[in-house]
$ cat upload.cif   # mmCIF, N, CA and C atoms
data_protein
loop_
_atom_site.label_atom_id
_atom_site.label_comp_id
_atom_site.auth_asym_id
_atom_site.auth_seq_id
_atom_site.Cartn_x
_atom_site.Cartn_y
_atom_site.Cartn_z
N GLN K 26 -4.39 2.57 19.35
CA GLN K 26 -5.33 1.47 19.53
C GLN K 26 -5.54 0.77 18.20
N VAL K 27 -5.37 -0.54 18.19
CA VAL K 27 -5.55 -1.32 16.97
C VAL K 27 -7.04 -1.46 16.69
N GLN K 28 -7.39 -1.25 15.42
CA GLN K 28 -8.79 -1.39 15.02
C GLN K 28 -8.85 -2.08 13.67
N LEU K 29 -9.69 -3.07 13.57
CA LEU K 29 -9.96 -3.78 12.32
C LEU K 29 -11.46 -3.97 12.23
N VAL K 30 -12.08 -3.38 11.24
CA VAL K 30 -13.53 -3.44 11.10
C VAL K 30 -13.87 -3.96 9.71
N GLU K 31 -14.35 -5.20 9.67
CA GLU K 31 -14.70 -5.84 8.41
C GLU K 31 -16.19 -5.63 8.11
N SER K 32 -16.51 -5.52 6.83
CA SER K 32 -17.90 -5.37 6.42
C SER K 32 -18.07 -5.90 5.01
N GLY K 33 -19.34 -6.05 4.61
CA GLY K 33 -19.63 -6.43 3.23
C GLY K 33 -20.08 -7.87 3.03
N GLY K 34 -20.07 -8.66 4.09
CA GLY K 34 -20.51 -10.03 3.95
C GLY K 34 -22.01 -10.13 3.77
N GLY K 35 -22.49 -11.35 3.59
CA GLY K 35 -23.91 -11.57 3.42
C GLY K 35 -24.20 -12.94 2.87
N LEU K 36 -25.44 -13.11 2.47
CA LEU K 36 -25.90 -14.36 1.88
C LEU K 36 -26.00 -14.17 0.37
N VAL K 37 -25.39 -15.08 -0.37
CA VAL K 37 -25.38 -14.96 -1.82
C VAL K 37 -25.54 -16.34 -2.43
N GLN K 38 -26.11 -16.39 -3.60
CA GLN K 38 -26.24 -17.66 -4.32
C GLN K 38 -24.90 -18.03 -4.95
N ALA K 39 -24.69 -19.32 -5.13
CA ALA K 39 -23.48 -19.78 -5.81
C ALA K 39 -23.37 -19.10 -7.17
N GLY K 40 -22.16 -18.67 -7.48
CA GLY K 40 -21.91 -17.94 -8.72
C GLY K 40 -21.98 -16.45 -8.56
N GLY K 41 -22.46 -16.00 -7.43
CA GLY K 41 -22.59 -14.56 -7.17
C GLY K 41 -21.30 -13.93 -6.73
N SER K 42 -21.41 -12.64 -6.39
CA SER K 42 -20.24 -11.86 -6.00
C SER K 42 -20.50 -11.07 -4.74
N LEU K 43 -19.45 -10.80 -4.02
CA LEU K 43 -19.47 -9.91 -2.87
C LEU K 43 -18.17 -9.13 -2.83
N ARG K 44 -18.22 -7.96 -2.24
CA ARG K 44 -17.01 -7.17 -2.03
C ARG K 44 -16.89 -6.86 -0.55
N LEU K 45 -15.84 -7.35 0.04
CA LEU K 45 -15.58 -7.11 1.45
C LEU K 45 -14.67 -5.90 1.61
N SER K 46 -14.87 -5.19 2.71
CA SER K 46 -14.01 -4.06 3.05
C SER K 46 -13.52 -4.21 4.48
N CYS K 47 -12.35 -3.68 4.73
CA CYS K 47 -11.81 -3.71 6.08
C CYS K 47 -11.10 -2.39 6.34
N ALA K 48 -11.62 -1.66 7.31
CA ALA K 48 -10.98 -0.42 7.74
C ALA K 48 -10.06 -0.73 8.91
N ALA K 49 -8.81 -0.35 8.75
CA ALA K 49 -7.82 -0.65 9.78
C ALA K 49 -7.24 0.63 10.36
N SER K 50 -6.73 0.51 11.54
CA SER K 50 -6.07 1.67 12.14
C SER K 50 -4.76 1.92 11.39
N ARG K 51 -4.45 3.19 11.25
CA ARG K 51 -3.29 3.57 10.46
C ARG K 51 -2.00 3.00 11.04
N SER K 52 -1.97 2.83 12.34
CA SER K 52 -0.75 2.38 13.01
C SER K 52 -0.29 1.02 12.52
N ILE K 53 -1.22 0.17 12.11
CA ILE K 53 -0.81 -1.14 11.61
C ILE K 53 -0.89 -1.20 10.09
N PHE K 54 -1.81 -0.45 9.51
CA PHE K 54 -2.04 -0.57 8.08
C PHE K 54 -0.84 -0.07 7.28
N SER K 55 -0.27 1.03 7.71
CA SER K 55 0.74 1.71 6.91
C SER K 55 2.09 0.99 6.88
N ILE K 56 2.30 0.05 7.78
CA ILE K 56 3.62 -0.58 7.85
C ILE K 56 3.57 -2.08 7.69
N ASN K 57 2.42 -2.60 7.27
CA ASN K 57 2.30 -4.05 7.16
C ASN K 57 1.68 -4.50 5.86
N ASP K 58 2.14 -5.67 5.40
CA ASP K 58 1.36 -6.38 4.41
C ASP K 58 0.02 -6.74 5.06
N MET K 59 -1.03 -6.79 4.26
CA MET K 59 -2.35 -7.09 4.79
C MET K 59 -2.93 -8.30 4.09
N GLY K 60 -3.88 -8.95 4.75
CA GLY K 60 -4.47 -10.13 4.15
C GLY K 60 -5.89 -10.36 4.61
N TRP K 61 -6.56 -11.20 3.88
CA TRP K 61 -7.89 -11.68 4.26
C TRP K 61 -7.76 -13.15 4.66
N TYR K 62 -8.35 -13.44 5.80
CA TYR K 62 -8.35 -14.79 6.34
C TYR K 62 -9.80 -15.29 6.36
N ARG K 63 -9.93 -16.59 6.25
CA ARG K 63 -11.26 -17.20 6.26
C ARG K 63 -11.29 -18.33 7.27
N GLN K 64 -12.36 -18.36 8.04
CA GLN K 64 -12.57 -19.49 8.94
C GLN K 64 -13.89 -20.15 8.60
N ALA K 65 -13.80 -21.30 7.98
CA ALA K 65 -14.99 -22.06 7.63
C ALA K 65 -15.44 -22.86 8.85
N PRO K 66 -16.70 -23.24 8.90
CA PRO K 66 -17.22 -24.00 10.04
C PRO K 66 -16.39 -25.26 10.28
N GLY K 67 -15.92 -25.43 11.51
CA GLY K 67 -15.17 -26.62 11.87
C GLY K 67 -13.75 -26.67 11.35
N LYS K 68 -13.27 -25.59 10.76
CA LYS K 68 -11.92 -25.59 10.19
C LYS K 68 -11.07 -24.48 10.81
N GLN K 69 -9.78 -24.61 10.60
CA GLN K 69 -8.87 -23.58 11.10
C GLN K 69 -8.92 -22.35 10.20
N ARG K 70 -8.57 -21.24 10.78
CA ARG K 70 -8.50 -20.00 10.02
C ARG K 70 -7.36 -20.10 9.01
N GLU K 71 -7.63 -19.68 7.78
CA GLU K 71 -6.62 -19.76 6.73
C GLU K 71 -6.51 -18.43 6.00
N LEU K 72 -5.31 -18.16 5.52
CA LEU K 72 -5.07 -16.96 4.73
C LEU K 72 -5.49 -17.24 3.30
N VAL K 73 -6.39 -16.44 2.75
CA VAL K 73 -6.85 -16.66 1.38
C VAL K 73 -6.28 -15.65 0.39
N ALA K 74 -5.88 -14.48 0.87
CA ALA K 74 -5.34 -13.47 -0.03
C ALA K 74 -4.47 -12.50 0.76
N SER K 75 -3.39 -12.04 0.15
CA SER K 75 -2.53 -11.08 0.81
C SER K 75 -2.03 -10.06 -0.20
N ILE K 76 -1.63 -8.90 0.34
CA ILE K 76 -1.14 -7.82 -0.51
C ILE K 76 -0.03 -7.10 0.23
N THR K 77 1.03 -6.74 -0.48
CA THR K 77 2.14 -6.06 0.16
C THR K 77 1.79 -4.60 0.46
N ILE K 78 2.68 -3.95 1.19
CA ILE K 78 2.38 -2.62 1.74
C ILE K 78 1.95 -1.63 0.66
N ILE K 79 2.66 -1.59 -0.46
CA ILE K 79 2.27 -0.64 -1.49
C ILE K 79 1.53 -1.32 -2.64
N GLY K 80 1.13 -2.56 -2.39
CA GLY K 80 0.24 -3.22 -3.32
C GLY K 80 0.86 -3.77 -4.59
N ARG K 81 2.16 -3.94 -4.58
CA ARG K 81 2.78 -4.40 -5.82
C ARG K 81 2.73 -5.91 -5.98
N ARG K 82 2.55 -6.60 -4.89
CA ARG K 82 2.52 -8.06 -5.00
C ARG K 82 1.33 -8.61 -4.23
N VAL K 83 0.61 -9.50 -4.88
CA VAL K 83 -0.54 -10.15 -4.25
C VAL K 83 -0.34 -11.65 -4.33
N ASN K 84 -0.94 -12.34 -3.39
CA ASN K 84 -0.90 -13.79 -3.38
C ASN K 84 -2.26 -14.33 -2.99
N TYR K 85 -2.59 -15.50 -3.52
CA TYR K 85 -3.88 -16.11 -3.26
C TYR K 85 -3.72 -17.59 -2.93
N ALA K 86 -4.61 -18.07 -2.08
CA ALA K 86 -4.69 -19.51 -1.87
C ALA K 86 -5.18 -20.14 -3.17
N ASP K 87 -4.75 -21.35 -3.42
CA ASP K 87 -5.15 -22.03 -4.65
C ASP K 87 -6.67 -22.12 -4.78
N SER K 88 -7.35 -22.24 -3.67
CA SER K 88 -8.81 -22.43 -3.70
C SER K 88 -9.56 -21.21 -4.20
N VAL K 89 -8.93 -20.04 -4.17
CA VAL K 89 -9.62 -18.81 -4.58
C VAL K 89 -8.97 -18.14 -5.78
N LYS K 90 -7.85 -18.68 -6.22
CA LYS K 90 -7.11 -18.06 -7.32
C LYS K 90 -7.99 -17.97 -8.57
N GLY K 91 -7.98 -16.80 -9.19
CA GLY K 91 -8.77 -16.58 -10.39
C GLY K 91 -10.19 -16.12 -10.11
N ARG K 92 -10.62 -16.17 -8.84
CA ARG K 92 -11.97 -15.74 -8.48
C ARG K 92 -11.97 -14.55 -7.52
N PHE K 93 -10.98 -14.47 -6.67
CA PHE K 93 -10.90 -13.39 -5.68
C PHE K 93 -9.82 -12.41 -6.09
N SER K 94 -10.01 -11.15 -5.69
CA SER K 94 -9.03 -10.12 -5.98
C SER K 94 -8.89 -9.21 -4.76
N ILE K 95 -7.68 -9.07 -4.27
CA ILE K 95 -7.43 -8.21 -3.11
C ILE K 95 -6.82 -6.90 -3.57
N SER K 96 -7.20 -5.82 -2.90
CA SER K 96 -6.63 -4.51 -3.20
C SER K 96 -6.61 -3.69 -1.91
N ARG K 97 -5.90 -2.58 -1.95
CA ARG K 97 -5.84 -1.73 -0.78
C ARG K 97 -5.79 -0.27 -1.20
N ASP K 98 -6.35 0.57 -0.34
CA ASP K 98 -6.32 2.01 -0.54
C ASP K 98 -5.57 2.57 0.67
N ASN K 99 -4.32 2.90 0.47
CA ASN K 99 -3.50 3.36 1.59
C ASN K 99 -3.93 4.72 2.12
N GLY K 100 -4.60 5.49 1.29
CA GLY K 100 -5.10 6.77 1.75
C GLY K 100 -6.28 6.64 2.71
N LYS K 101 -6.98 5.51 2.60
CA LYS K 101 -8.16 5.27 3.44
C LYS K 101 -7.90 4.19 4.48
N ASN K 102 -6.68 3.66 4.51
CA ASN K 102 -6.36 2.56 5.44
C ASN K 102 -7.37 1.43 5.31
N THR K 103 -7.70 1.08 4.10
CA THR K 103 -8.73 0.08 3.84
C THR K 103 -8.21 -0.96 2.87
N VAL K 104 -8.56 -2.20 3.15
CA VAL K 104 -8.23 -3.30 2.25
C VAL K 104 -9.54 -3.94 1.80
N TYR K 105 -9.58 -4.35 0.54
CA TYR K 105 -10.79 -4.89 -0.05
C TYR K 105 -10.56 -6.33 -0.53
N LEU K 106 -11.66 -7.07 -0.61
CA LEU K 106 -11.60 -8.39 -1.23
C LEU K 106 -12.81 -8.53 -2.14
N GLN K 107 -12.56 -8.53 -3.44
CA GLN K 107 -13.61 -8.76 -4.42
C GLN K 107 -13.71 -10.25 -4.64
N MET K 108 -14.88 -10.80 -4.40
CA MET K 108 -15.08 -12.24 -4.51
C MET K 108 -16.11 -12.52 -5.60
N ASN K 109 -15.68 -13.19 -6.63
CA ASN K 109 -16.56 -13.54 -7.75
C ASN K 109 -16.70 -15.06 -7.85
N SER K 110 -17.70 -15.48 -8.60
CA SER K 110 -17.93 -16.92 -8.82
C SER K 110 -17.90 -17.68 -7.50
N LEU K 111 -18.63 -17.18 -6.55
CA LEU K 111 -18.59 -17.77 -5.21
C LEU K 111 -19.15 -19.18 -5.21
N LYS K 112 -18.56 -20.01 -4.35
CA LYS K 112 -18.95 -21.39 -4.20
C LYS K 112 -19.39 -21.65 -2.76
N PRO K 113 -20.19 -22.66 -2.54
CA PRO K 113 -20.60 -22.97 -1.16
C PRO K 113 -19.41 -23.17 -0.22
N GLU K 114 -18.31 -23.69 -0.73
CA GLU K 114 -17.13 -23.90 0.12
C GLU K 114 -16.42 -22.60 0.49
N ASP K 115 -16.86 -21.48 -0.07
CA ASP K 115 -16.33 -20.19 0.35
C ASP K 115 -17.01 -19.68 1.62
N THR K 116 -18.03 -20.37 2.05
CA THR K 116 -18.76 -19.96 3.26
C THR K 116 -17.83 -19.93 4.47
N GLY K 117 -17.98 -18.88 5.27
CA GLY K 117 -17.18 -18.76 6.47
C GLY K 117 -17.18 -17.33 6.97
N VAL K 118 -16.45 -17.12 8.04
CA VAL K 118 -16.25 -15.76 8.55
C VAL K 118 -14.93 -15.25 8.00
N TYR K 119 -14.98 -14.07 7.43
CA TYR K 119 -13.80 -13.47 6.80
C TYR K 119 -13.27 -12.36 7.70
N TYR K 120 -11.97 -12.41 7.91
CA TYR K 120 -11.28 -11.43 8.74
C TYR K 120 -10.14 -10.81 7.93
N CYS K 121 -9.84 -9.57 8.22
CA CYS K 121 -8.62 -9.01 7.68
C CYS K 121 -7.62 -8.85 8.82
N ASN K 122 -6.35 -8.85 8.47
CA ASN K 122 -5.31 -8.67 9.47
C ASN K 122 -3.98 -8.49 8.76
N VAL K 123 -2.98 -8.23 9.56
CA VAL K 123 -1.63 -8.14 9.01
C VAL K 123 -1.20 -9.53 8.57
N VAL K 124 -0.16 -9.56 7.76
CA VAL K 124 0.41 -10.83 7.30
C VAL K 124 1.89 -10.85 7.68
N PRO K 125 2.34 -11.83 8.45
CA PRO K 125 1.54 -12.93 8.98
C PRO K 125 0.83 -12.54 10.27
N ALA K 126 -0.19 -13.31 10.62
CA ALA K 126 -0.91 -13.11 11.88
C ALA K 126 -1.23 -14.47 12.46
N ASN K 127 -1.33 -14.53 13.77
CA ASN K 127 -1.76 -15.76 14.43
C ASN K 127 -2.83 -15.42 15.45
N LEU K 128 -3.25 -16.39 16.21
CA LEU K 128 -4.37 -16.17 17.13
C LEU K 128 -4.00 -15.20 18.25
N ASP K 129 -2.73 -14.94 18.45
CA ASP K 129 -2.32 -13.99 19.48
C ASP K 129 -2.47 -12.54 19.02
N ASN K 130 -2.62 -12.34 17.72
CA ASN K 130 -2.86 -10.99 17.21
C ASN K 130 -4.26 -10.53 17.61
N TYR K 131 -4.46 -9.23 17.59
CA TYR K 131 -5.81 -8.69 17.75
C TYR K 131 -6.60 -9.01 16.47
N TRP K 132 -7.85 -9.45 16.62
CA TRP K 132 -8.72 -9.74 15.49
C TRP K 132 -10.01 -8.95 15.64
N GLY K 133 -10.53 -8.48 14.53
CA GLY K 133 -11.82 -7.84 14.54
C GLY K 133 -12.94 -8.87 14.63
N GLN K 134 -14.17 -8.40 14.43
CA GLN K 134 -15.32 -9.29 14.58
C GLN K 134 -15.56 -10.15 13.34
N GLY K 135 -14.93 -9.80 12.24
CA GLY K 135 -15.12 -10.55 11.01
C GLY K 135 -16.45 -10.24 10.36
N THR K 136 -16.63 -10.75 9.15
CA THR K 136 -17.89 -10.59 8.44
C THR K 136 -18.28 -11.95 7.86
N GLN K 137 -19.52 -12.34 8.06
CA GLN K 137 -20.00 -13.65 7.66
C GLN K 137 -20.35 -13.66 6.17
N VAL K 138 -19.83 -14.65 5.48
CA VAL K 138 -20.18 -14.89 4.08
C VAL K 138 -20.82 -16.27 4.00
N THR K 139 -22.01 -16.30 3.45
CA THR K 139 -22.71 -17.57 3.28
C THR K 139 -23.10 -17.72 1.82
N VAL K 140 -22.65 -18.81 1.22
CA VAL K 140 -22.94 -19.06 -0.19
C VAL K 140 -23.88 -20.24 -0.28
N ALA K 141 -25.06 -20.00 -0.79
CA ALA K 141 -26.07 -21.04 -0.91
C ALA K 141 -25.94 -21.75 -2.26
N SER K 142 -26.12 -23.05 -2.22
CA SER K 142 -26.00 -23.83 -3.46
C SER K 142 -27.30 -23.81 -4.25
#
$ encode --input "upload.cif" --output "structure tokens"
Amino acid sequence: QVQLVESGGGLVQAGGSLRLSCAASRSIFSINDMGWYRQAPGKQRELVASITIIGRRVNYADSVKGRFSISRDNGKNTVYLQMNSLKPEDTGVYYCNVVPANLDNYWGQGTQVTVAS
């Protein structure tokens, strides 16, 4: 059974930090690159950060480069997203999933991040 459980979101002032966590079922975590996706209000879901299976290569959307950091703990089947210097435009629901993923994939409930100006 596929499971993706995101946590760590919240309300933060601009310039603040949050650390998101996502616990995934081993069946998908151990054999896939993983990523964090963001869906801002009124916008399509976008991939903001990704990490390869053993964590040797990471990629970031230009909008978050230098501020966000993705990591994974393969022993815990968990992927993290450290978000620093948050901006109001980072507001949205954050999801983790395999990379690539589309709307036909199973998605968890996501975690809401709200950045106040």
$ residues_around --input "upload.cif" --residues "segment 91-98 of chain K" --least-positions-apart "2" --cutoff "8 Å" --atoms "only N, CA and C atoms" --output "ChimeraX atom specification"
/K:61,73-76,78-80,83-89,100-111
$ resolve_selection --input "upload.cif" --expression "the PyMOL selection byres ((chain K and resi 29) around 7)" --output "ChimeraX atom specification"
/K:27-28,30-31,47-50,121,132-135
$ select_by_dssp --input "upload.cif" --residues "chain K" --states "strand (DSSP E or B)" --output "PyMOL selection string"
chain K and resi 29-32+35-38+43-49+59-64+71-76+83-85+93-98+103-108+117-123+136-141
$ select_by_dssp --input "upload.cif" --residues "chain K" --states "alpha helix (DSSP H)" --output "PyMOL selection string"
chain K and resi 51-54
$ write_last_selection --input "upload.cif" --atoms "N, CA and C atoms" --output "short mmCIF file (atom, residue, chain, number, x, y, z; two decimals), in the coordinates of the input"
data_model
loop_
_atom_site.label_atom_id
_atom_site.label_comp_id
_atom_site.auth_asym_id
_atom_site.auth_seq_id
_atom_site.Cartn_x
_atom_site.Cartn_y
_atom_site.Cartn_z
N ARG K 51 -4.45 3.19 11.25
CA ARG K 51 -3.29 3.57 10.46
C ARG K 51 -2.00 3.00 11.04
N SER K 52 -1.97 2.83 12.34
CA SER K 52 -0.75 2.38 13.01
C SER K 52 -0.29 1.02 12.52
N ILE K 53 -1.22 0.17 12.11
CA ILE K 53 -0.81 -1.14 11.61
C ILE K 53 -0.89 -1.20 10.09
N PHE K 54 -1.81 -0.45 9.51
CA PHE K 54 -2.04 -0.57 8.08
C PHE K 54 -0.84 -0.07 7.28
#
$ closest_residue --input "upload.cif" --among "K:Asn57, K:Pro113, K:Arg63, K:Leu43" --to "Val140 of chain K" --atoms "only C-alpha atoms"
K:Pro113
$ atom_distance --input "upload.cif" --atom1 "atom CA of Asn122 of chain K" --atom2 "atom CA of Ala141 of chain K"
26.3 Å
$ atom_distance --input "upload.cif" --atom1 "atom CA of Thr116 of chain K" --atom2 "atom N of Thr139 of chain K"
4.9 Å
$ closest_residue --input "upload.cif" --among "K:Leu45, K:Leu36, K:Ile53, K:Met59" --to "Val124 of chain K" --atoms "only N, CA and C atoms"
K:Met59
$ axis_aligned_box --input "upload.cif" --around "segment 116-122 of chain K" --padding-each-side "6 Å" --output "lines of an AutoDock Vina configuration file"
center_x = -11.4
center_y = -14.4
center_z = 5.8
size_x = 26.8
size_y = 23.9
size_z = 19.4
$ atom_distance --input "upload.cif" --atom1 "atom N of Thr77 of chain K" --atom2 "atom C of Gln38 of chain K"
28.6 Å
$ closest_residue --input "upload.cif" --among "K:Lys90, K:Ser142, K:Glu71, K:Asp58" --to "Pro125 of chain K" --atoms "all atoms listed in the file"
K:Asp58
$ resolve_selection --input "upload.cif" --expression "the PyMOL selection byres ((chain K and resi 64-66) around 7)" --output "list in words"
Tyr62, Arg63, Gly67, Lys68, Gln69, Arg70, Glu71, Asp115, Thr116, Gly117, Val118, Tyr119 and Tyr120 of chain K
